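The file start20.cif comes next; it holds mmCIF, N, CA and C atoms.
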```cif
data_start
loop_
_atom_site.label_atom_id
_atom_site.label_comp_id
_atom_site.auth_asym_id
_atom_site.auth_seq_id
_atom_site.Cartn_x
_atom_site.Cartn_y
_atom_site.Cartn_z
N MET I 261 -33.00 27.35 -19.07
CA MET I 261 -31.78 27.40 -18.29
C MET I 261 -31.06 26.07 -18.40
N ARG I 262 -29.79 26.12 -18.63
CA ARG I 262 -28.98 24.92 -18.78
C ARG I 262 -28.79 24.23 -17.43
N LYS I 263 -28.83 22.93 -17.44
CA LYS I 263 -28.65 22.14 -16.23
C LYS I 263 -27.22 22.28 -15.73
N GLN I 264 -27.05 22.22 -14.42
CA GLN I 264 -25.71 22.30 -13.83
C GLN I 264 -24.92 21.03 -14.13
N ILE I 265 -23.60 21.22 -14.25
CA ILE I 265 -22.75 20.04 -14.37
C ILE I 265 -22.57 19.44 -12.98
N LYS I 266 -22.31 18.16 -12.95
CA LYS I 266 -22.03 17.49 -11.68
C LYS I 266 -20.78 16.65 -11.88
N ILE I 267 -19.77 16.95 -11.10
CA ILE I 267 -18.52 16.20 -11.14
C ILE I 267 -18.64 15.09 -10.11
N LYS I 268 -18.82 13.88 -10.62
CA LYS I 268 -19.09 12.71 -9.78
C LYS I 268 -18.04 12.54 -8.68
N GLU I 269 -16.79 12.68 -9.04
CA GLU I 269 -15.70 12.50 -8.06
C GLU I 269 -15.81 13.50 -6.92
N LEU I 270 -16.18 14.73 -7.25
CA LEU I 270 -16.34 15.77 -6.23
C LEU I 270 -17.55 15.49 -5.35
N SER I 271 -18.68 15.17 -5.96
CA SER I 271 -19.90 14.88 -5.19
C SER I 271 -19.69 13.71 -4.23
N GLU I 272 -19.05 12.66 -4.71
CA GLU I 272 -18.79 11.49 -3.86
C GLU I 272 -17.87 11.84 -2.70
N ALA I 273 -16.82 12.59 -2.97
CA ALA I 273 -15.88 12.97 -1.92
C ALA I 273 -16.55 13.86 -0.87
N ILE I 274 -17.35 14.82 -1.33
CA ILE I 274 -18.07 15.70 -0.40
C ILE I 274 -19.02 14.87 0.47
N SER I 275 -19.75 13.96 -0.15
CA SER I 275 -20.68 13.10 0.61
C SER I 275 -19.94 12.30 1.67
N ASN I 276 -18.83 11.71 1.29
CA ASN I 276 -18.07 10.89 2.24
C ASN I 276 -17.53 11.71 3.40
N VAL I 277 -17.05 12.92 3.12
CA VAL I 277 -16.53 13.78 4.19
C VAL I 277 -17.67 14.20 5.12
N ILE I 278 -18.81 14.57 4.57
CA ILE I 278 -19.96 14.95 5.41
C ILE I 278 -20.35 13.78 6.31
N LYS I 279 -20.45 12.57 5.73
CA LYS I 279 -20.81 11.39 6.53
C LYS I 279 -19.82 11.18 7.67
N THR I 280 -18.54 11.27 7.36
CA THR I 280 -17.49 11.07 8.37
C THR I 280 -17.60 12.10 9.48
N LEU I 281 -17.81 13.36 9.12
CA LEU I 281 -17.86 14.43 10.12
C LEU I 281 -19.06 14.31 11.05
N TYR I 282 -20.23 14.00 10.50
CA TYR I 282 -21.36 13.92 11.44
C TYR I 282 -21.36 12.64 12.23
N LYS I 283 -20.72 11.59 11.71
CA LYS I 283 -20.57 10.37 12.52
C LYS I 283 -19.67 10.66 13.72
N LYS I 284 -18.65 11.50 13.51
CA LYS I 284 -17.76 11.88 14.61
C LYS I 284 -18.50 12.65 15.69
N LYS I 285 -19.54 13.39 15.27
CA LYS I 285 -20.35 14.12 16.26
C LYS I 285 -21.20 13.18 17.09
N GLY I 286 -21.41 11.96 16.57
CA GLY I 286 -22.15 10.95 17.32
C GLY I 286 -23.65 11.11 17.31
N SER I 287 -24.19 11.83 16.36
CA SER I 287 -25.64 12.02 16.29
C SER I 287 -26.19 11.45 15.00
N ALA I 288 -27.44 11.09 15.02
CA ALA I 288 -28.12 10.61 13.82
C ALA I 288 -28.40 11.80 12.91
N ILE I 289 -28.56 11.53 11.62
CA ILE I 289 -28.81 12.59 10.64
C ILE I 289 -30.03 13.41 11.02
N LEU I 290 -31.12 12.75 11.34
CA LEU I 290 -32.35 13.45 11.69
C LEU I 290 -32.14 14.33 12.91
N GLU I 291 -31.42 13.82 13.88
CA GLU I 291 -31.13 14.59 15.09
C GLU I 291 -30.32 15.84 14.75
N GLU I 292 -29.33 15.69 13.86
CA GLU I 292 -28.51 16.83 13.41
C GLU I 292 -29.40 17.90 12.78
N ASN I 293 -30.28 17.47 11.89
CA ASN I 293 -31.18 18.42 11.23
C ASN I 293 -32.08 19.14 12.23
N ASN I 294 -32.62 18.38 13.17
CA ASN I 294 -33.50 18.98 14.17
C ASN I 294 -32.77 20.00 15.04
N GLU I 295 -31.53 19.67 15.43
CA GLU I 295 -30.74 20.60 16.24
C GLU I 295 -30.46 21.88 15.47
N TYR I 296 -30.07 21.74 14.22
CA TYR I 296 -29.77 22.92 13.41
C TYR I 296 -31.02 23.76 13.20
N TYR I 297 -32.13 23.10 12.92
CA TYR I 297 -33.40 23.81 12.72
C TYR I 297 -33.76 24.61 13.97
N ALA I 298 -33.59 23.99 15.14
CA ALA I 298 -33.91 24.67 16.39
C ALA I 298 -32.98 25.88 16.61
N GLU I 299 -31.70 25.71 16.24
CA GLU I 299 -30.71 26.78 16.42
C GLU I 299 -30.88 27.91 15.41
N ILE I 300 -31.02 27.57 14.16
CA ILE I 300 -30.93 28.54 13.07
C ILE I 300 -32.29 28.83 12.41
N GLY I 301 -33.20 27.86 12.46
CA GLY I 301 -34.50 28.05 11.82
C GLY I 301 -34.55 27.52 10.40
N LYS I 302 -33.52 26.81 9.98
CA LYS I 302 -33.48 26.22 8.64
C LYS I 302 -33.03 24.77 8.75
N ASN I 303 -33.61 23.94 7.91
CA ASN I 303 -33.24 22.53 7.88
C ASN I 303 -32.10 22.34 6.88
N LEU I 304 -31.03 21.70 7.32
CA LEU I 304 -29.89 21.47 6.44
C LEU I 304 -30.17 20.42 5.38
N GLY I 305 -31.03 19.48 5.68
CA GLY I 305 -31.26 18.38 4.74
C GLY I 305 -30.01 17.53 4.56
N LEU I 306 -29.31 17.27 5.65
CA LEU I 306 -28.05 16.52 5.58
C LEU I 306 -28.19 15.18 4.87
N GLU I 307 -29.34 14.53 5.05
CA GLU I 307 -29.51 13.21 4.43
C GLU I 307 -29.38 13.29 2.92
N ARG I 308 -29.75 14.42 2.34
CA ARG I 308 -29.63 14.60 0.90
C ARG I 308 -28.17 14.58 0.46
N TYR I 309 -27.29 15.09 1.29
CA TYR I 309 -25.89 15.21 0.92
C TYR I 309 -25.04 14.01 1.34
N THR I 310 -25.68 13.00 1.87
CA THR I 310 -24.95 11.77 2.20
C THR I 310 -24.91 10.82 1.01
N SER I 311 -25.63 11.16 -0.04
CA SER I 311 -25.52 10.39 -1.28
C SER I 311 -24.83 11.30 -2.30
N SER I 312 -24.21 10.70 -3.28
CA SER I 312 -23.49 11.51 -4.26
C SER I 312 -24.42 12.05 -5.34
N ASP I 313 -25.72 11.85 -5.17
CA ASP I 313 -26.70 12.33 -6.14
C ASP I 313 -27.16 13.74 -5.76
N HIS I 314 -26.21 14.65 -5.67
CA HIS I 314 -26.52 16.03 -5.28
C HIS I 314 -25.52 16.96 -5.94
N ASN I 315 -25.79 18.22 -5.85
CA ASN I 315 -24.88 19.26 -6.31
C ASN I 315 -25.01 20.40 -5.30
N VAL I 316 -24.30 20.31 -4.21
CA VAL I 316 -24.43 21.25 -3.10
C VAL I 316 -23.96 22.65 -3.52
N THR I 317 -24.70 23.66 -3.07
CA THR I 317 -24.29 25.05 -3.35
C THR I 317 -23.23 25.47 -2.34
N CYS I 318 -22.52 26.52 -2.67
CA CYS I 318 -21.49 27.05 -1.75
C CYS I 318 -22.12 27.49 -0.43
N SER I 319 -23.27 28.14 -0.52
CA SER I 319 -23.94 28.62 0.70
C SER I 319 -24.39 27.46 1.59
N LYS I 320 -24.95 26.42 0.98
CA LYS I 320 -25.38 25.25 1.76
C LYS I 320 -24.17 24.56 2.38
N LEU I 321 -23.09 24.45 1.61
CA LEU I 321 -21.88 23.82 2.14
C LEU I 321 -21.30 24.63 3.30
N PHE I 322 -21.36 25.95 3.18
CA PHE I 322 -20.91 26.80 4.28
C PHE I 322 -21.74 26.53 5.54
N ALA I 323 -23.07 26.43 5.38
CA ALA I 323 -23.96 26.15 6.52
C ALA I 323 -23.65 24.79 7.13
N ILE I 324 -23.41 23.79 6.28
CA ILE I 324 -23.08 22.45 6.77
C ILE I 324 -21.77 22.49 7.55
N CYS I 325 -20.77 23.17 7.01
CA CYS I 325 -19.47 23.28 7.69
C CYS I 325 -19.61 24.02 9.01
N ASP I 326 -20.39 25.09 9.00
CA ASP I 326 -20.63 25.87 10.21
C ASP I 326 -21.24 24.98 11.29
N PHE I 327 -22.24 24.21 10.92
CA PHE I 327 -22.89 23.34 11.89
C PHE I 327 -21.95 22.24 12.37
N LEU I 328 -21.16 21.68 11.46
CA LEU I 328 -20.24 20.60 11.82
C LEU I 328 -18.94 21.12 12.43
N GLU I 329 -18.86 22.45 12.58
CA GLU I 329 -17.74 23.11 13.24
C GLU I 329 -16.40 22.84 12.55
N ILE I 330 -16.37 23.13 11.25
CA ILE I 330 -15.16 23.00 10.46
C ILE I 330 -15.13 24.14 9.45
N SER I 331 -13.95 24.66 9.18
CA SER I 331 -13.84 25.73 8.18
C SER I 331 -13.97 25.14 6.78
N LEU I 332 -14.35 25.97 5.84
CA LEU I 332 -14.43 25.52 4.45
C LEU I 332 -13.08 25.03 3.96
N SER I 333 -12.02 25.73 4.31
CA SER I 333 -10.69 25.32 3.84
C SER I 333 -10.31 23.95 4.39
N ASP I 334 -10.58 23.71 5.67
CA ASP I 334 -10.29 22.39 6.25
C ASP I 334 -11.19 21.32 5.65
N PHE I 335 -12.44 21.67 5.37
CA PHE I 335 -13.36 20.73 4.74
C PHE I 335 -12.81 20.30 3.38
N PHE I 336 -12.39 21.27 2.58
CA PHE I 336 -11.89 20.92 1.25
C PHE I 336 -10.56 20.18 1.29
N LYS I 337 -9.78 20.39 2.33
CA LYS I 337 -8.56 19.58 2.49
C LYS I 337 -8.95 18.11 2.68
N LEU I 338 -10.01 17.88 3.46
CA LEU I 338 -10.50 16.51 3.66
C LEU I 338 -11.06 15.93 2.36
N VAL I 339 -11.74 16.77 1.58
CA VAL I 339 -12.29 16.34 0.29
C VAL I 339 -11.15 15.91 -0.64
N GLU I 340 -10.08 16.70 -0.68
CA GLU I 340 -8.93 16.35 -1.52
C GLU I 340 -8.23 15.09 -1.04
N LYS I 341 -8.21 14.87 0.27
CA LYS I 341 -7.65 13.62 0.82
C LYS I 341 -8.52 12.43 0.41
N GLU I 342 -9.83 12.65 0.41
CA GLU I 342 -10.78 11.60 0.07
C GLU I 342 -10.60 11.15 -1.38
N ASN I 343 -10.33 12.08 -2.27
CA ASN I 343 -10.10 11.74 -3.68
C ASN I 343 -8.99 12.64 -4.22
N THR I 344 -7.81 12.08 -4.36
CA THR I 344 -6.65 12.88 -4.77
C THR I 344 -6.75 13.37 -6.21
N MET I 345 -7.70 12.84 -7.00
CA MET I 345 -7.92 13.36 -8.35
C MET I 345 -8.43 14.81 -8.30
N LEU I 346 -8.93 15.25 -7.15
CA LEU I 346 -9.46 16.60 -7.00
C LEU I 346 -8.38 17.62 -6.69
N VAL I 347 -7.18 17.15 -6.37
CA VAL I 347 -6.05 18.05 -6.13
C VAL I 347 -5.57 18.54 -7.49
N PHE I 348 -5.36 19.85 -7.61
CA PHE I 348 -4.96 20.40 -8.90
C PHE I 348 -3.67 19.76 -9.39
N ASN I 349 -3.68 19.40 -10.67
CA ASN I 349 -2.52 18.82 -11.34
C ASN I 349 -2.51 19.39 -12.75
N LYS I 350 -1.46 20.11 -13.09
CA LYS I 350 -1.41 20.78 -14.38
C LYS I 350 -1.60 19.82 -15.56
N GLN I 351 -1.12 18.59 -15.44
CA GLN I 351 -1.26 17.63 -16.54
C GLN I 351 -2.69 17.16 -16.72
N ARG I 352 -3.50 17.22 -15.66
CA ARG I 352 -4.91 16.80 -15.75
C ARG I 352 -5.86 17.98 -15.84
N LYS I 353 -5.32 19.18 -15.98
CA LYS I 353 -6.12 20.40 -15.94
C LYS I 353 -7.35 20.28 -16.84
N GLY I 354 -8.52 20.50 -16.25
CA GLY I 354 -9.77 20.52 -17.00
C GLY I 354 -10.38 19.16 -17.28
N GLU I 355 -9.68 18.09 -16.98
CA GLU I 355 -10.16 16.73 -17.32
C GLU I 355 -11.50 16.39 -16.67
N LEU I 356 -11.62 16.59 -15.37
CA LEU I 356 -12.87 16.26 -14.68
C LEU I 356 -14.02 17.15 -15.14
N VAL I 357 -13.73 18.42 -15.37
CA VAL I 357 -14.76 19.36 -15.82
C VAL I 357 -15.22 18.99 -17.23
N LYS I 358 -14.27 18.70 -18.11
CA LYS I 358 -14.61 18.33 -19.49
C LYS I 358 -15.48 17.08 -19.51
N ASN I 359 -15.13 16.09 -18.69
CA ASN I 359 -15.92 14.85 -18.62
C ASN I 359 -17.33 15.13 -18.12
N ALA I 360 -17.46 16.03 -17.17
CA ALA I 360 -18.79 16.37 -16.64
C ALA I 360 -19.65 17.03 -17.71
N TYR I 361 -19.07 17.91 -18.50
CA TYR I 361 -19.82 18.56 -19.58
C TYR I 361 -20.19 17.56 -20.67
N LYS I 362 -19.30 16.62 -20.95
CA LYS I 362 -19.62 15.58 -21.96
C LYS I 362 -20.84 14.79 -21.52
N LYS I 363 -20.86 14.40 -20.25
CA LYS I 363 -21.99 13.63 -19.72
C LYS I 363 -23.28 14.45 -19.78
N LEU I 364 -23.19 15.72 -19.49
CA LEU I 364 -24.36 16.59 -19.52
C LEU I 364 -24.88 16.74 -20.95
N ASP I 365 -23.97 16.92 -21.90
CA ASP I 365 -24.36 17.09 -23.30
C ASP I 365 -24.93 15.82 -23.91
N SER I 366 -24.52 14.66 -23.39
CA SER I 366 -25.00 13.39 -23.96
C SER I 366 -26.40 13.02 -23.48
N LYS I 367 -26.92 13.75 -22.50
CA LYS I 367 -28.26 13.46 -21.96
C LYS I 367 -29.33 14.08 -22.81
#
```
Using structure tokens, write down the structure from this file.
Amino acid sequence: MRKQIKIKELSEAISNVIKTLYKKKGSAILEENNEYYAEIGKNLGLERYTSSDHNVTCSKLFAICDFLEISLSDFFKLVEKENTMLVFNKQRKGELVKNAYKKLDSK
């Protein structure tokens, strides 16, 4: 199975938005995980997503947004604010994706 691509700019922006949102909640990462586990029965592993060394799935991101009480659309608006290179631009179409595949192929 081929390894997933990782778009560094996207991973970093997602990490920064997650950090900002849970800091606004005023709880420590471990406390957040424990609360979610008690509520839902699953550990979010938020600490994993506070570094850009991840590739979050859509389902995990939905769970994180649900817990942090934000819609996916609002979350991605914050992600685009965090890094404007992620906002679609016809002149840059495919640039970030192509770079991610180049990095993957060079490994």
statement: Using all atoms listed in the file, the best pick from I:Lys263, I:Lys353, I:Lys320, I:Arg308 as closest to Ser275 (chain I) would be I:Arg308
query: If you run DSSP on the backbone, which residues of chain I are alpha helix (DSSP H), as an MDAnalysis selection string?
result: chainID I and resid 268:285 289:300 318:328 332:342 355:365
Explicit residues for the PyMOL selection byres (((chain I and resi 336-339 and name CA) around 12) and name CA) (as a PDB file with N, CA and C atoms, in the coordinates of the input):
```pdb
ATOM      1  N   GLU I 269     -16.790  12.680  -9.040  1.00  0.00           N
ATOM      2  CA  GLU I 269     -15.700  12.500  -8.060  1.00  0.00           C
ATOM      3  C   GLU I 269     -15.810  13.500  -6.920  1.00  0.00           C
ATOM      4  N   LEU I 270     -16.180  14.730  -7.250  1.00  0.00           N
ATOM      5  CA  LEU I 270     -16.340  15.770  -6.230  1.00  0.00           C
ATOM      6  C   LEU I 270     -17.550  15.490  -5.350  1.00  0.00           C
ATOM      7  N   SER I 271     -18.680  15.170  -5.960  1.00  0.00           N
ATOM      8  CA  SER I 271     -19.900  14.880  -5.190  1.00  0.00           C
ATOM      9  C   SER I 271     -19.690  13.710  -4.230  1.00  0.00           C
ATOM     10  N   GLU I 272     -19.050  12.660  -4.710  1.00  0.00           N
ATOM     11  CA  GLU I 272     -18.790  11.490  -3.860  1.00  0.00           C
ATOM     12  C   GLU I 272     -17.870  11.840  -2.700  1.00  0.00           C
ATOM     13  N   ALA I 273     -16.820  12.590  -2.970  1.00  0.00           N
ATOM     14  CA  ALA I 273     -15.880  12.970  -1.920  1.00  0.00           C
ATOM     15  C   ALA I 273     -16.550  13.860  -0.870  1.00  0.00           C
ATOM     16  N   ILE I 274     -17.350  14.820  -1.330  1.00  0.00           N
ATOM     17  CA  ILE I 274     -18.070  15.700  -0.400  1.00  0.00           C
ATOM     18  C   ILE I 274     -19.020  14.870   0.470  1.00  0.00           C
ATOM     19  N   SER I 275     -19.750  13.960  -0.150  1.00  0.00           N
ATOM     20  CA  SER I 275     -20.680  13.100   0.610  1.00  0.00           C
ATOM     21  C   SER I 275     -19.940  12.300   1.670  1.00  0.00           C
ATOM     22  N   ASN I 276     -18.830  11.710   1.290  1.00  0.00           N
ATOM     23  CA  ASN I 276     -18.070  10.890   2.240  1.00  0.00           C
ATOM     24  C   ASN I 276     -17.530  11.710   3.400  1.00  0.00           C
ATOM     25  N   VAL I 277     -17.050  12.920   3.120  1.00  0.00           N
ATOM     26  CA  VAL I 277     -16.530  13.780   4.190  1.00  0.00           C
ATOM     27  C   VAL I 277     -17.670  14.200   5.120  1.00  0.00           C
ATOM     28  N   ILE I 278     -18.810  14.570   4.570  1.00  0.00           N
ATOM     29  CA  ILE I 278     -19.960  14.950   5.410  1.00  0.00           C
ATOM     30  C   ILE I 278     -20.350  13.780   6.310  1.00  0.00           C
ATOM     31  N   LYS I 279     -20.450  12.570   5.730  1.00  0.00           N
ATOM     32  CA  LYS I 279     -20.810  11.390   6.530  1.00  0.00           C
ATOM     33  C   LYS I 279     -19.820  11.180   7.670  1.00  0.00           C
ATOM     34  N   THR I 280     -18.540  11.270   7.360  1.00  0.00           N
ATOM     35  CA  THR I 280     -17.490  11.070   8.370  1.00  0.00           C
ATOM     36  C   THR I 280     -17.600  12.100   9.480  1.00  0.00           C
ATOM     37  N   LEU I 281     -17.810  13.360   9.120  1.00  0.00           N
ATOM     38  CA  LEU I 281     -17.860  14.430  10.120  1.00  0.00           C
ATOM     39  C   LEU I 281     -19.060  14.310  11.050  1.00  0.00           C
ATOM     40  N   CYS I 318     -22.520  26.520  -2.670  1.00  0.00           N
ATOM     41  CA  CYS I 318     -21.490  27.050  -1.750  1.00  0.00           C
ATOM     42  C   CYS I 318     -22.120  27.490  -0.430  1.00  0.00           C
ATOM     43  N   LEU I 321     -23.090  24.450   1.610  1.00  0.00           N
ATOM     44  CA  LEU I 321     -21.880  23.820   2.140  1.00  0.00           C
ATOM     45  C   LEU I 321     -21.300  24.630   3.300  1.00  0.00           C
ATOM     46  N   PHE I 322     -21.360  25.950   3.180  1.00  0.00           N
ATOM     47  CA  PHE I 322     -20.910  26.800   4.280  1.00  0.00           C
ATOM     48  C   PHE I 322     -21.740  26.530   5.540  1.00  0.00           C
ATOM     49  N   CYS I 325     -20.770  23.170   7.010  1.00  0.00           N
ATOM     50  CA  CYS I 325     -19.470  23.280   7.690  1.00  0.00           C
ATOM     51  C   CYS I 325     -19.610  24.020   9.010  1.00  0.00           C
ATOM     52  N   ILE I 330     -16.370  23.130  11.250  1.00  0.00           N
ATOM     53  CA  ILE I 330     -15.160  23.000  10.460  1.00  0.00           C
ATOM     54  C   ILE I 330     -15.130  24.140   9.450  1.00  0.00           C
ATOM     55  N   SER I 331     -13.950  24.660   9.180  1.00  0.00           N
ATOM     56  CA  SER I 331     -13.840  25.730   8.180  1.00  0.00           C
ATOM     57  C   SER I 331     -13.970  25.140   6.780  1.00  0.00           C
ATOM     58  N   LEU I 332     -14.350  25.970   5.840  1.00  0.00           N
ATOM     59  CA  LEU I 332     -14.430  25.520   4.450  1.00  0.00           C
ATOM     60  C   LEU I 332     -13.080  25.030   3.960  1.00  0.00           C
ATOM     61  N   SER I 333     -12.020  25.730   4.310  1.00  0.00           N
ATOM     62  CA  SER I 333     -10.690  25.320   3.840  1.00  0.00           C
ATOM     63  C   SER I 333     -10.310  23.950   4.390  1.00  0.00           C
ATOM     64  N   ASP I 334     -10.580  23.710   5.670  1.00  0.00           N
ATOM     65  CA  ASP I 334     -10.290  22.390   6.250  1.00  0.00           C
ATOM     66  C   ASP I 334     -11.190  21.320   5.650  1.00  0.00           C
ATOM     67  N   PHE I 335     -12.440  21.670   5.370  1.00  0.00           N
ATOM     68  CA  PHE I 335     -13.360  20.730   4.740  1.00  0.00           C
ATOM     69  C   PHE I 335     -12.810  20.300   3.380  1.00  0.00           C
ATOM     70  N   GLU I 340     -10.080  16.700  -0.680  1.00  0.00           N
ATOM     71  CA  GLU I 340      -8.930  16.350  -1.520  1.00  0.00           C
ATOM     72  C   GLU I 340      -8.230  15.090  -1.040  1.00  0.00           C
ATOM     73  N   LYS I 341      -8.210  14.870   0.270  1.00  0.00           N
ATOM     74  CA  LYS I 341      -7.650  13.620   0.820  1.00  0.00           C
ATOM     75  C   LYS I 341      -8.520  12.430   0.410  1.00  0.00           C
ATOM     76  N   GLU I 342      -9.830  12.650   0.410  1.00  0.00           N
ATOM     77  CA  GLU I 342     -10.780  11.600   0.070  1.00  0.00           C
ATOM     78  C   GLU I 342     -10.600  11.150  -1.380  1.00  0.00           C
ATOM     79  N   ASN I 343     -10.330  12.080  -2.270  1.00  0.00           N
ATOM     80  CA  ASN I 343     -10.100  11.740  -3.680  1.00  0.00           C
ATOM     81  C   ASN I 343      -8.990  12.640  -4.220  1.00  0.00           C
ATOM     82  N   THR I 344      -7.810  12.080  -4.360  1.00  0.00           N
ATOM     83  CA  THR I 344      -6.650  12.880  -4.770  1.00  0.00           C
ATOM     84  C   THR I 344      -6.750  13.370  -6.210  1.00  0.00           C
ATOM     85  N   MET I 345      -7.700  12.840  -7.000  1.00  0.00           N
ATOM     86  CA  MET I 345      -7.920  13.360  -8.350  1.00  0.00           C
ATOM     87  C   MET I 345      -8.430  14.810  -8.300  1.00  0.00           C
ATOM     88  N   LEU I 346      -8.930  15.250  -7.150  1.00  0.00           N
ATOM     89  CA  LEU I 346      -9.460  16.600  -7.000  1.00  0.00           C
ATOM     90  C   LEU I 346      -8.380  17.620  -6.690  1.00  0.00           C
ATOM     91  N   VAL I 347      -7.180  17.150  -6.370  1.00  0.00           N
ATOM     92  CA  VAL I 347      -6.050  18.050  -6.130  1.00  0.00           C
ATOM     93  C   VAL I 347      -5.570  18.540  -7.490  1.00  0.00           C
ATOM     94  N   PHE I 348      -5.360  19.850  -7.610  1.00  0.00           N
ATOM     95  CA  PHE I 348      -4.960  20.400  -8.900  1.00  0.00           C
ATOM     96  C   PHE I 348      -3.670  19.760  -9.390  1.00  0.00           C
TER      97      PHE I 348
END
```
message: Take the PyMOL selection byres ((chain I and resi 265) around 7), run it mentally on this structure, and tell me the resulting residues as a list of chain:residue names.
response: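 When the PyMOL selection byres ((chain I and resi 265) around 7) is applied to the shown file, the picked residues are I:Arg262, I:Lys263, I:Gln264, I:Lys266, I:Ile267, I:Ala360, I:Tyr361, I:Leu364.
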Interatomic distance (Å, one decimal) between atom C of Arg352 (chain I) and atom C of Ser311 (chain I):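 These two atoms are separated by 24.2 Å.
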- prompt: CA of Ala323 (chain I) to CA of Leu304 (chain I): how many Å, to one decimal?
  reply: 7.6 Å
message: I need the residue nearest Tyr296 (chain I) from this list: I:Gln351, I:Phe327, I:Lys363, I:Leu356. Use all atoms listed in the file for the distance.
response: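 Of the candidates, the smallest distance to Tyr296 (chain I) is held by I:Phe327.
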Would you give the centre and edge lengths, in Å to one decimal, of a box along x, y and z around the listed atoms of region 291-302 of chain I, with 5 Å added to each side, as AutoDock Vina command-line options?
```
--center_x -31.5 --center_y 21.3 --center_z 12.6 --size_x 16.0 --size_y 25.0 --size_z 18.0
```
query: Which value, in Å to one decimal, gives the distance between CA of Lys358 (chain I) and CA of Leu306 (chain I)?
result: 28.5 Å
query: What do you get, as a VMD selection string, if you spell out every residue that the PyMOL selection byres ((chain I and resi 305) around 8) selects here?
result: chain I and resid 289 292 to 294 302 to 304 306 to 310
